[in-house]
Amino acid sequence: MHSKRSRLDRFIARTCQVPLKAVKPLLARGLVCVNGTVVNDAQWAVDEFDLVVCDGVVLQERTPLYFMLHKPVGVVSATRDAQHTTVLDLIDHPDKESLHIVGRLDLNTSGLVLLTNDGRWSRALTSPEGKVPKRYQVRVTFPLDERYVKAFAEGFYFETEGVVTAPATLTLTSATTAELVLTEGKYHQVKRMFGRFRNPVLALHRTAVGPYVLDDTLAPGEFKPLVVPRARLHSG
């Protein structure tokens with residue numbers, strides 16, 4: 001298992017299976033490099049994707065991976081499934097087994113799915129505290145009106161969870177279609193919200209998660225890598 005973040009001296013001691021006190025001389029002699037730079041600070045914070053070399057030996061070399069996928073209806077948001085094609089089945093990459101899904105979609109929901117091996121990035125996008133907006137296109141059975149807009153903005157009480165949904169922005173685009181922006185992702189939330197009006201959802205398609213917008217050039221089932229800048233954080 002890859003470490004997430006730890007002090008440099010503890011990382012070296014654990015990886016090399018040596019006492020912590022044996023690491024200090026290595027640091028003092030300038031034998032430890034992080035991302036190509038000599039580091040002698042024992043408290044330097046090592047990230048899970050930092051390149052760490054000690055006395056010429058590579059202790060950690062791991063590349064962060066980020067992908068955008070256009071999930072078709074009928075594909076399950078899972079890494080393994082005995083009955084259905086999974087989103088991971090659609091990814092052609094040698095390290096795809098290291099990926100996890102950033103915000104799942106129901107079997108019958110299509111659209112943007114993000115995958116990564118970077119836990120901090122996925123947590124930032126999915127944490128309730130982050131309130132990252134997710135944008136959807138919705139098609140329902142019966143005509144929509146301003147009552148829906150008002151109700152979505154006010155929130156719905158979900159008895160099962162004992163909570164009121166966060167304000168959501170519903171923009172009507174035709175008699176039976178709308179664009180919906182949510183900042184949370186409760187179980188079957190969209191269908192349950194429209195269910196309060198007894199108006200079944202016929203189609204649901206996610207177009208964006210935060211700053212990541214589904215590429216119009218991606219056909220259903222296609223994916224592409226993302227370039228995500230990563231800030232270098234350390235203690236000094």
# chains A, B, ... in the order shown; residues from 1 in each chain; ligands from 1
$ select_by_dssp --residues "region 93-236 of chain A" --states "helix (DSSP H, G or I)" --output "PyMOL selection string"
chain A and resi 96-98+119-126+128-130+146-154+189-195
$ residues_around --residues "region 1-16 of chain A" --least-positions-apart "2" --cutoff "10 Å" --atoms "only C-alpha atoms" --output "JSON, numbers by chain"
{"A": [18, 19, 20, 21, 22, 23, 24, 26, 27, 32, 34, 39, 40, 41, 42, 43, 44, 45, 46, 47, 48, 49, 50, 52, 53, 54, 59, 60, 62, 118, 119, 120, 234, 235]}
$ write_last_selection --atoms "N, CA and C atoms" --output "mmCIF file, in the first residue's frame"
data_model
loop_
_atom_site.group_PDB
_atom_site.id
_atom_site.type_symbol
_atom_site.label_atom_id
_atom_site.label_comp_id
_atom_site.auth_asym_id
_atom_site.auth_seq_id
_atom_site.Cartn_x
_atom_site.Cartn_y
_atom_site.Cartn_z
ATOM 1 N N VAL A 18 14.670 0.484 8.779
ATOM 2 C CA VAL A 18 15.805 0.815 9.639
ATOM 3 C C VAL A 18 15.293 1.666 10.793
ATOM 4 N N PRO A 19 16.042 1.744 11.901
ATOM 5 C CA PRO A 19 15.617 2.601 13.016
ATOM 6 C C PRO A 19 15.563 4.065 12.589
ATOM 7 N N LEU A 20 14.687 4.816 13.208
ATOM 8 C CA LEU A 20 14.534 6.232 12.877
ATOM 9 C C LEU A 20 15.841 7.000 13.073
ATOM 10 N N LYS A 21 16.593 6.633 14.104
ATOM 11 C CA LYS A 21 17.849 7.355 14.380
ATOM 12 C C LYS A 21 18.899 7.127 13.289
ATOM 13 N N ALA A 22 18.731 6.059 12.496
ATOM 14 C CA ALA A 22 19.696 5.786 11.433
ATOM 15 C C ALA A 22 19.472 6.677 10.212
ATOM 16 N N VAL A 23 18.339 7.360 10.157
ATOM 17 C CA VAL A 23 18.017 8.194 8.992
ATOM 18 C C VAL A 23 18.713 9.545 9.066
ATOM 19 N N LYS A 24 18.894 10.055 10.276
ATOM 20 C CA LYS A 24 19.468 11.394 10.446
ATOM 21 C C LYS A 24 20.819 11.558 9.747
ATOM 22 N N LEU A 26 21.909 10.042 7.120
ATOM 23 C CA LEU A 26 21.674 10.048 5.675
ATOM 24 C C LEU A 26 21.244 11.433 5.210
ATOM 25 N N LEU A 27 20.387 12.050 5.982
ATOM 26 C CA LEU A 27 19.913 13.393 5.649
ATOM 27 C C LEU A 27 21.055 14.400 5.764
ATOM 28 N N VAL A 32 19.705 12.137 0.519
ATOM 29 C CA VAL A 32 18.280 11.966 0.245
ATOM 30 C C VAL A 32 17.802 13.066 -0.697
ATOM 31 N N VAL A 34 14.356 14.480 -2.923
ATOM 32 C CA VAL A 34 12.916 14.431 -3.172
ATOM 33 C C VAL A 34 12.637 15.246 -4.429
ATOM 34 N N VAL A 39 17.252 17.015 0.172
ATOM 35 C CA VAL A 39 16.479 17.471 1.324
ATOM 36 C C VAL A 39 17.121 16.911 2.587
ATOM 37 N N ASN A 40 17.427 17.788 3.547
ATOM 38 C CA ASN A 40 17.994 17.317 4.820
ATOM 39 C C ASN A 40 17.087 17.619 6.006
ATOM 40 N N ASP A 41 15.865 18.070 5.711
ATOM 41 C CA ASP A 41 14.886 18.371 6.746
ATOM 42 C C ASP A 41 14.090 17.101 7.065
ATOM 43 N N ALA A 42 14.276 16.574 8.279
ATOM 44 C CA ALA A 42 13.600 15.323 8.665
ATOM 45 C C ALA A 42 12.087 15.456 8.650
ATOM 46 N N GLN A 43 11.573 16.680 8.859
ATOM 47 C CA GLN A 43 10.131 16.880 8.938
ATOM 48 C C GLN A 43 9.496 17.204 7.591
ATOM 49 N N TRP A 44 10.279 17.182 6.539
ATOM 50 C CA TRP A 44 9.737 17.444 5.202
ATOM 51 C C TRP A 44 8.586 16.471 4.931
ATOM 52 N N ALA A 45 7.485 17.005 4.444
ATOM 53 C CA ALA A 45 6.307 16.170 4.197
ATOM 54 C C ALA A 45 6.408 15.485 2.837
ATOM 55 N N VAL A 46 6.389 14.154 2.864
ATOM 56 C CA VAL A 46 6.483 13.371 1.638
ATOM 57 C C VAL A 46 5.075 13.020 1.154
ATOM 58 N N ASP A 47 4.804 13.389 -0.076
ATOM 59 C CA ASP A 47 3.527 13.115 -0.715
ATOM 60 C C ASP A 47 3.590 11.735 -1.374
ATOM 61 N N GLU A 48 2.432 11.140 -1.578
ATOM 62 C CA GLU A 48 2.400 9.790 -2.159
ATOM 63 C C GLU A 48 2.921 9.741 -3.586
ATOM 64 N N PHE A 49 3.027 10.898 -4.255
ATOM 65 C CA PHE A 49 3.523 10.917 -5.631
ATOM 66 C C PHE A 49 4.898 11.568 -5.761
ATOM 67 N N ASP A 50 5.553 11.848 -4.632
ATOM 68 C CA ASP A 50 6.908 12.382 -4.688
ATOM 69 C C ASP A 50 7.894 11.283 -5.100
ATOM 70 N N VAL A 52 11.235 9.785 -4.369
ATOM 71 C CA VAL A 52 12.160 9.793 -3.235
ATOM 72 C C VAL A 52 13.323 8.841 -3.532
ATOM 73 N N VAL A 53 14.546 9.375 -3.460
ATOM 74 C CA VAL A 53 15.751 8.586 -3.716
ATOM 75 C C VAL A 53 16.675 8.726 -2.516
ATOM 76 N N CYS A 54 17.156 7.607 -2.007
ATOM 77 C CA CYS A 54 18.059 7.605 -0.860
ATOM 78 C C CYS A 54 19.339 6.855 -1.223
ATOM 79 N N LEU A 59 13.191 4.928 -3.629
ATOM 80 C CA LEU A 59 12.302 4.384 -2.606
ATOM 81 C C LEU A 59 10.837 4.527 -2.993
ATOM 82 N N GLN A 60 10.542 5.538 -3.793
ATOM 83 C CA GLN A 60 9.151 5.739 -4.224
ATOM 84 C C GLN A 60 9.136 6.468 -5.560
ATOM 85 N N ARG A 62 5.892 7.088 -8.168
ATOM 86 C CA ARG A 62 4.501 6.810 -8.524
ATOM 87 C C ARG A 62 3.923 8.019 -9.246
ATOM 88 N N ASP A 118 -5.348 9.393 -7.137
ATOM 89 C CA ASP A 118 -4.986 10.457 -6.211
ATOM 90 C C ASP A 118 -6.130 10.690 -5.221
ATOM 91 N N GLY A 119 -5.967 10.157 -4.019
ATOM 92 C CA GLY A 119 -7.028 10.237 -3.028
ATOM 93 C C GLY A 119 -7.337 11.653 -2.573
ATOM 94 N N ARG A 120 -6.325 12.501 -2.482
ATOM 95 C CA ARG A 120 -6.573 13.879 -2.039
ATOM 96 C C ARG A 120 -7.418 14.637 -3.054
ATOM 97 N N HIS A 234 4.517 21.351 1.773
ATOM 98 C CA HIS A 234 5.527 20.773 2.665
ATOM 99 C C HIS A 234 5.625 21.638 3.916
ATOM 100 N N SER A 235 6.171 21.039 4.919
ATOM 101 C CA SER A 235 6.443 21.798 6.137
ATOM 102 C C SER A 235 7.909 22.156 6.160
#
$ atom_distance --atom1 "CA of Thr160 (chain A)" --atom2 "CA of Asp106 (chain A)"
19.0 Å
$ residues_around --residues "Phe67 (chain A)" --least-positions-apart "5" --cutoff "8 Å" --atoms "only C-alpha atoms" --output "number ranges by chain"
A: 114-116, 223-226
$ write_last_selection --atoms "N, CA and C atoms" --output "PDB file, in the first residue's frame"
ATOM      1  N   LEU A 114     -15.174  10.794 -13.394  1.00  0.00           N
ATOM      2  CA  LEU A 114     -13.752  11.036 -13.211  1.00  0.00           C
ATOM      3  C   LEU A 114     -13.138   9.847 -12.482  1.00  0.00           C
ATOM      4  N   LEU A 115     -11.924   9.478 -12.874  1.00  0.00           N
ATOM      5  CA  LEU A 115     -11.204   8.393 -12.223  1.00  0.00           C
ATOM      6  C   LEU A 115      -9.783   8.847 -11.936  1.00  0.00           C
ATOM      7  N   THR A 116      -9.220   8.352 -10.826  1.00  0.00           N
ATOM      8  CA  THR A 116      -7.881   8.763 -10.426  1.00  0.00           C
ATOM      9  C   THR A 116      -7.282   7.752  -9.465  1.00  0.00           C
ATOM     10  N   PHE A 223     -12.742   7.780 -23.272  1.00  0.00           N
ATOM     11  CA  PHE A 223     -12.100   8.453 -22.142  1.00  0.00           C
ATOM     12  C   PHE A 223     -10.889   9.221 -22.635  1.00  0.00           C
ATOM     13  N   LYS A 224     -10.373  10.102 -21.782  1.00  0.00           N
ATOM     14  CA  LYS A 224      -9.127  10.800 -22.092  1.00  0.00           C
ATOM     15  C   LYS A 224      -8.449  11.179 -20.790  1.00  0.00           C
ATOM     16  N   PRO A 225      -7.113  11.303 -20.794  1.00  0.00           N
ATOM     17  CA  PRO A 225      -6.402  11.732 -19.585  1.00  0.00           C
ATOM     18  C   PRO A 225      -6.618  13.215 -19.333  1.00  0.00           C
ATOM     19  N   LEU A 226      -6.557  13.602 -18.059  1.00  0.00           N
ATOM     20  CA  LEU A 226      -6.651  14.994 -17.659  1.00  0.00           C
ATOM     21  C   LEU A 226      -5.302  15.457 -17.125  1.00  0.00           C
TER      22      LEU A 226
END
$ residues_around --residues "Pro229 (chain A)" --least-positions-apart "4" --cutoff "12 Å" --atoms "only C-alpha atoms" --output "count of residues only"
4
$ select_by_dssp --residues "region 59-160 of chain A" --states "strand (DSSP E or B)" --output "MDAnalysis selection string"
chainID A and resid 59:60 66:71 76 86 100:102 109:116 134:140 157:158
$ write_last_selection --atoms "C-alpha atoms" --output "PDB file, in the first residue's frame"
ATOM      1  CA  LEU A  59      12.302   4.384  -2.606  1.00  0.00           C
ATOM      2  CA  GLN A  60       9.151   5.739  -4.224  1.00  0.00           C
ATOM      3  CA  TYR A  66      -6.482  11.485 -13.852  1.00  0.00           C
ATOM      4  CA  PHE A  67      -9.089  10.481 -16.427  1.00  0.00           C
ATOM      5  CA  MET A  68     -12.373  11.793 -17.787  1.00  0.00           C
ATOM      6  CA  LEU A  69     -14.845   9.185 -19.058  1.00  0.00           C
ATOM      7  CA  HIS A  70     -18.144   9.503 -20.913  1.00  0.00           C
ATOM      8  CA  LYS A  71     -20.172   6.800 -19.168  1.00  0.00           C
ATOM      9  CA  VAL A  76     -21.962   0.360 -13.777  1.00  0.00           C
ATOM     10  CA  THR A  86     -17.809  -1.382 -15.502  1.00  0.00           C
ATOM     11  CA  HIS A 100     -10.907   4.653  -8.142  1.00  0.00           C
ATOM     12  CA  ILE A 101     -14.094   6.478  -9.126  1.00  0.00           C
ATOM     13  CA  VAL A 102     -14.676  10.105  -8.181  1.00  0.00           C
ATOM     14  CA  THR A 109     -27.402   7.672 -15.720  1.00  0.00           C
ATOM     15  CA  SER A 110     -24.920   8.733 -18.393  1.00  0.00           C
ATOM     16  CA  GLY A 111     -22.239  11.373 -18.564  1.00  0.00           C
ATOM     17  CA  LEU A 112     -19.073  12.519 -16.866  1.00  0.00           C
ATOM     18  CA  VAL A 113     -17.178  10.151 -14.592  1.00  0.00           C
ATOM     19  CA  LEU A 114     -13.752  11.036 -13.211  1.00  0.00           C
ATOM     20  CA  LEU A 115     -11.204   8.393 -12.223  1.00  0.00           C
ATOM     21  CA  THR A 116      -7.881   8.763 -10.426  1.00  0.00           C
ATOM     22  CA  LYS A 134     -22.309  18.919 -10.265  1.00  0.00           C
ATOM     23  CA  ARG A 135     -24.296  19.797 -13.393  1.00  0.00           C
ATOM     24  CA  TYR A 136     -26.913  17.523 -14.963  1.00  0.00           C
ATOM     25  CA  GLN A 137     -29.300  17.505 -17.903  1.00  0.00           C
ATOM     26  CA  VAL A 138     -32.650  16.003 -16.908  1.00  0.00           C
ATOM     27  CA  ARG A 139     -35.627  14.833 -18.971  1.00  0.00           C
ATOM     28  CA  VAL A 140     -38.852  14.011 -17.154  1.00  0.00           C
ATOM     29  CA  TYR A 157     -36.800  16.811   3.445  1.00  0.00           C
ATOM     30  CA  PHE A 158     -35.513  13.249   3.033  1.00  0.00           C
TER      31      PHE A 158
END
$ atom_distance --atom1 "CA of Asp145 (chain A)" --atom2 "CA of Lys186 (chain A)"
23.9 Å
$ residues_around --residues "His84 (chain A)" --least-positions-apart "2" --cutoff "12 Å" --atoms "only C-alpha atoms" --output "PyMOL selection string"
chain A and resi 72-82+86-90+107-108
$ write_last_selection --atoms "N, CA and C atoms" --output "mmCIF file, in the first residue's frame"
data_model
loop_
_atom_site.group_PDB
_atom_site.id
_atom_site.type_symbol
_atom_site.label_atom_id
_atom_site.label_comp_id
_atom_site.auth_asym_id
_atom_site.auth_seq_id
_atom_site.Cartn_x
_atom_site.Cartn_y
_atom_site.Cartn_z
ATOM 1 N N PRO A 72 -21.656 5.528 -20.607
ATOM 2 C CA PRO A 72 -22.946 5.273 -21.260
ATOM 3 C C PRO A 72 -23.956 4.689 -20.265
ATOM 4 N N VAL A 73 -25.226 4.770 -20.616
ATOM 5 C CA VAL A 73 -26.260 4.075 -19.854
ATOM 6 C C VAL A 73 -25.974 2.575 -19.919
ATOM 7 N N GLY A 74 -26.161 1.868 -18.807
ATOM 8 C CA GLY A 74 -25.946 0.428 -18.783
ATOM 9 C C GLY A 74 -24.579 0.006 -18.300
ATOM 10 N N VAL A 75 -23.690 0.977 -18.089
ATOM 11 C CA VAL A 75 -22.360 0.700 -17.538
ATOM 12 C C VAL A 75 -22.392 1.055 -16.057
ATOM 13 N N VAL A 76 -21.882 0.162 -15.218
ATOM 14 C CA VAL A 76 -21.962 0.360 -13.777
ATOM 15 C C VAL A 76 -20.737 1.118 -13.261
ATOM 16 N N SER A 77 -20.973 2.014 -12.314
ATOM 17 C CA SER A 77 -19.878 2.774 -11.694
ATOM 18 C C SER A 77 -19.237 1.915 -10.613
ATOM 19 N N ALA A 78 -18.389 1.016 -11.032
ATOM 20 C CA ALA A 78 -17.687 0.103 -10.129
ATOM 21 C C ALA A 78 -16.400 -0.321 -10.820
ATOM 22 N N THR A 79 -15.475 -0.854 -10.035
ATOM 23 C CA THR A 79 -14.249 -1.359 -10.628
ATOM 24 C C THR A 79 -14.369 -2.822 -11.024
ATOM 25 N N ARG A 80 -15.339 -3.521 -10.396
ATOM 26 C CA ARG A 80 -15.600 -4.916 -10.754
ATOM 27 C C ARG A 80 -17.089 -5.206 -10.620
ATOM 28 N N ASP A 81 -17.627 -5.977 -11.551
ATOM 29 C CA ASP A 81 -19.021 -6.376 -11.475
ATOM 30 C C ASP A 81 -19.190 -7.644 -12.300
ATOM 31 N N ALA A 82 -19.895 -8.619 -11.736
ATOM 32 C CA ALA A 82 -20.044 -9.918 -12.396
ATOM 33 C C ALA A 82 -21.051 -9.881 -13.543
ATOM 34 N N THR A 86 -18.124 -2.423 -16.479
ATOM 35 C CA THR A 86 -17.809 -1.382 -15.502
ATOM 36 C C THR A 86 -17.083 -0.224 -16.185
ATOM 37 N N VAL A 87 -17.035 0.918 -15.503
ATOM 38 C CA VAL A 87 -16.301 2.054 -16.058
ATOM 39 C C VAL A 87 -14.826 1.705 -16.225
ATOM 40 N N LEU A 88 -14.307 0.873 -15.342
ATOM 41 C CA LEU A 88 -12.897 0.499 -15.450
ATOM 42 C C LEU A 88 -12.644 -0.362 -16.685
ATOM 43 N N ASP A 89 -13.645 -1.137 -17.101
ATOM 44 C CA ASP A 89 -13.510 -1.943 -18.318
ATOM 45 C C ASP A 89 -13.304 -1.063 -19.552
ATOM 46 N N LEU A 90 -13.751 0.187 -19.477
ATOM 47 C CA LEU A 90 -13.654 1.090 -20.623
ATOM 48 C C LEU A 90 -12.335 1.844 -20.676
ATOM 49 N N LEU A 107 -26.665 3.183 -12.758
ATOM 50 C CA LEU A 107 -26.572 2.367 -13.967
ATOM 51 C C LEU A 107 -27.221 3.052 -15.165
ATOM 52 N N ASN A 108 -28.380 3.681 -14.944
ATOM 53 C CA ASN A 108 -29.138 4.286 -16.040
ATOM 54 C C ASN A 108 -28.853 5.773 -16.220
#
$ residues_around --residues "Val181 (chain A)" --least-positions-apart "3" --cutoff "12 Å" --atoms "only C-alpha atoms" --output "PyMOL selection string"
chain A and resi 131-138+149+152-153+166-172+178+184-185+189-190+205-210
$ atom_distance --atom1 "CA of Gly195 (chain A)" --atom2 "CA of Thr126 (chain A)"
24.5 Å
$ decode --residues "region 15-54 of chain A" --atoms "N, CA and C atoms" --output "mmCIF file, in the first residue's frame"
data_model
loop_
_atom_site.group_PDB
_atom_site.id
_atom_site.type_symbol
_atom_site.label_atom_id
_atom_site.label_comp_id
_atom_site.auth_asym_id
_atom_site.auth_seq_id
_atom_site.Cartn_x
_atom_site.Cartn_y
_atom_site.Cartn_z
ATOM 1 N N THR A 15 10.234 2.533 5.007
ATOM 2 C CA THR A 15 10.477 1.916 3.702
ATOM 3 C C THR A 15 11.740 1.063 3.705
ATOM 4 N N CYS A 16 12.773 1.554 4.361
ATOM 5 C CA CYS A 16 14.059 0.840 4.385
ATOM 6 C C CYS A 16 14.174 -0.137 5.556
ATOM 7 N N GLN A 17 13.165 -0.089 6.442
ATOM 8 C CA GLN A 17 13.142 -0.966 7.623
ATOM 9 C C GLN A 17 14.406 -0.786 8.462
ATOM 10 N N VAL A 18 14.670 0.484 8.779
ATOM 11 C CA VAL A 18 15.805 0.815 9.639
ATOM 12 C C VAL A 18 15.293 1.666 10.793
ATOM 13 N N PRO A 19 16.042 1.744 11.901
ATOM 14 C CA PRO A 19 15.617 2.601 13.016
ATOM 15 C C PRO A 19 15.563 4.065 12.589
ATOM 16 N N LEU A 20 14.687 4.816 13.208
ATOM 17 C CA LEU A 20 14.534 6.232 12.877
ATOM 18 C C LEU A 20 15.841 7.000 13.073
ATOM 19 N N LYS A 21 16.593 6.633 14.104
ATOM 20 C CA LYS A 21 17.849 7.355 14.380
ATOM 21 C C LYS A 21 18.899 7.127 13.289
ATOM 22 N N ALA A 22 18.731 6.059 12.496
ATOM 23 C CA ALA A 22 19.696 5.786 11.433
ATOM 24 C C ALA A 22 19.472 6.677 10.212
ATOM 25 N N VAL A 23 18.339 7.360 10.157
ATOM 26 C CA VAL A 23 18.017 8.194 8.992
ATOM 27 C C VAL A 23 18.713 9.545 9.066
ATOM 28 N N LYS A 24 18.894 10.055 10.276
ATOM 29 C CA LYS A 24 19.468 11.394 10.446
ATOM 30 C C LYS A 24 20.819 11.558 9.747
ATOM 31 N N PRO A 25 21.760 10.606 9.866
ATOM 32 C CA PRO A 25 23.048 10.750 9.158
ATOM 33 C C PRO A 25 22.875 10.786 7.635
ATOM 34 N N LEU A 26 21.909 10.042 7.120
ATOM 35 C CA LEU A 26 21.674 10.048 5.675
ATOM 36 C C LEU A 26 21.244 11.433 5.210
ATOM 37 N N LEU A 27 20.387 12.050 5.982
ATOM 38 C CA LEU A 27 19.913 13.393 5.649
ATOM 39 C C LEU A 27 21.055 14.400 5.764
ATOM 40 N N ALA A 28 21.843 14.275 6.825
ATOM 41 C CA ALA A 28 22.940 15.212 7.059
ATOM 42 C C ALA A 28 23.997 15.144 5.955
ATOM 43 N N ARG A 29 24.199 13.972 5.396
ATOM 44 C CA ARG A 29 25.217 13.789 4.351
ATOM 45 C C ARG A 29 24.682 14.145 2.961
ATOM 46 N N GLY A 30 23.418 14.569 2.881
ATOM 47 C CA GLY A 30 22.843 14.964 1.594
ATOM 48 C C GLY A 30 22.567 13.807 0.666
ATOM 49 N N LEU A 31 22.250 12.641 1.244
ATOM 50 C CA LEU A 31 22.031 11.440 0.441
ATOM 51 C C LEU A 31 20.566 11.226 0.067
ATOM 52 N N VAL A 32 19.705 12.137 0.519
ATOM 53 C CA VAL A 32 18.280 11.966 0.245
ATOM 54 C C VAL A 32 17.802 13.066 -0.697
ATOM 55 N N CYS A 33 17.158 12.656 -1.774
ATOM 56 C CA CYS A 33 16.601 13.607 -2.743
ATOM 57 C C CYS A 33 15.088 13.383 -2.877
ATOM 58 N N VAL A 34 14.356 14.480 -2.923
ATOM 59 C CA VAL A 34 12.916 14.431 -3.172
ATOM 60 C C VAL A 34 12.637 15.246 -4.429
ATOM 61 N N ASN A 35 12.127 14.576 -5.431
ATOM 62 C CA ASN A 35 11.850 15.225 -6.722
ATOM 63 C C ASN A 35 13.079 15.931 -7.287
ATOM 64 N N GLY A 36 14.242 15.267 -7.121
ATOM 65 C CA GLY A 36 15.476 15.771 -7.701
ATOM 66 C C GLY A 36 16.216 16.800 -6.878
ATOM 67 N N THR A 37 15.692 17.139 -5.696
ATOM 68 C CA THR A 37 16.330 18.137 -4.836
ATOM 69 C C THR A 37 16.794 17.494 -3.532
ATOM 70 N N VAL A 38 18.030 17.787 -3.134
ATOM 71 C CA VAL A 38 18.541 17.261 -1.870
ATOM 72 C C VAL A 38 17.749 17.876 -0.719
ATOM 73 N N VAL A 39 17.252 17.015 0.172
ATOM 74 C CA VAL A 39 16.479 17.471 1.324
ATOM 75 C C VAL A 39 17.121 16.911 2.587
ATOM 76 N N ASN A 40 17.427 17.788 3.547
ATOM 77 C CA ASN A 40 17.994 17.317 4.820
ATOM 78 C C ASN A 40 17.087 17.619 6.006
ATOM 79 N N ASP A 41 15.865 18.070 5.711
ATOM 80 C CA ASP A 41 14.886 18.371 6.746
ATOM 81 C C ASP A 41 14.090 17.101 7.065
ATOM 82 N N ALA A 42 14.276 16.574 8.279
ATOM 83 C CA ALA A 42 13.600 15.323 8.665
ATOM 84 C C ALA A 42 12.087 15.456 8.650
ATOM 85 N N GLN A 43 11.573 16.680 8.859
ATOM 86 C CA GLN A 43 10.131 16.880 8.938
ATOM 87 C C GLN A 43 9.496 17.204 7.591
ATOM 88 N N TRP A 44 10.279 17.182 6.539
ATOM 89 C CA TRP A 44 9.737 17.444 5.202
ATOM 90 C C TRP A 44 8.586 16.471 4.931
ATOM 91 N N ALA A 45 7.485 17.005 4.444
ATOM 92 C CA ALA A 45 6.307 16.170 4.197
ATOM 93 C C ALA A 45 6.408 15.485 2.837
ATOM 94 N N VAL A 46 6.389 14.154 2.864
ATOM 95 C CA VAL A 46 6.483 13.371 1.638
ATOM 96 C C VAL A 46 5.075 13.020 1.154
ATOM 97 N N ASP A 47 4.804 13.389 -0.076
ATOM 98 C CA ASP A 47 3.527 13.115 -0.715
ATOM 99 C C ASP A 47 3.590 11.735 -1.374
ATOM 100 N N GLU A 48 2.432 11.140 -1.578
ATOM 101 C CA GLU A 48 2.400 9.790 -2.159
ATOM 102 C C GLU A 48 2.921 9.741 -3.586
ATOM 103 N N PHE A 49 3.027 10.898 -4.255
ATOM 104 C CA PHE A 49 3.523 10.917 -5.631
ATOM 105 C C PHE A 49 4.898 11.568 -5.761
ATOM 106 N N ASP A 50 5.553 11.848 -4.632
ATOM 107 C CA ASP A 50 6.908 12.382 -4.688
ATOM 108 C C ASP A 50 7.894 11.283 -5.100
ATOM 109 N N LEU A 51 8.905 11.658 -5.880
ATOM 110 C CA LEU A 51 10.002 10.765 -6.210
ATOM 111 C C LEU A 51 11.037 10.880 -5.098
ATOM 112 N N VAL A 52 11.235 9.785 -4.369
ATOM 113 C CA VAL A 52 12.160 9.793 -3.235
ATOM 114 C C VAL A 52 13.323 8.841 -3.532
ATOM 115 N N VAL A 53 14.546 9.375 -3.460
ATOM 116 C CA VAL A 53 15.751 8.586 -3.716
ATOM 117 C C VAL A 53 16.675 8.726 -2.516
ATOM 118 N N CYS A 54 17.156 7.607 -2.007
ATOM 119 C CA CYS A 54 18.059 7.605 -0.860
ATOM 120 C C CYS A 54 19.339 6.855 -1.223
#
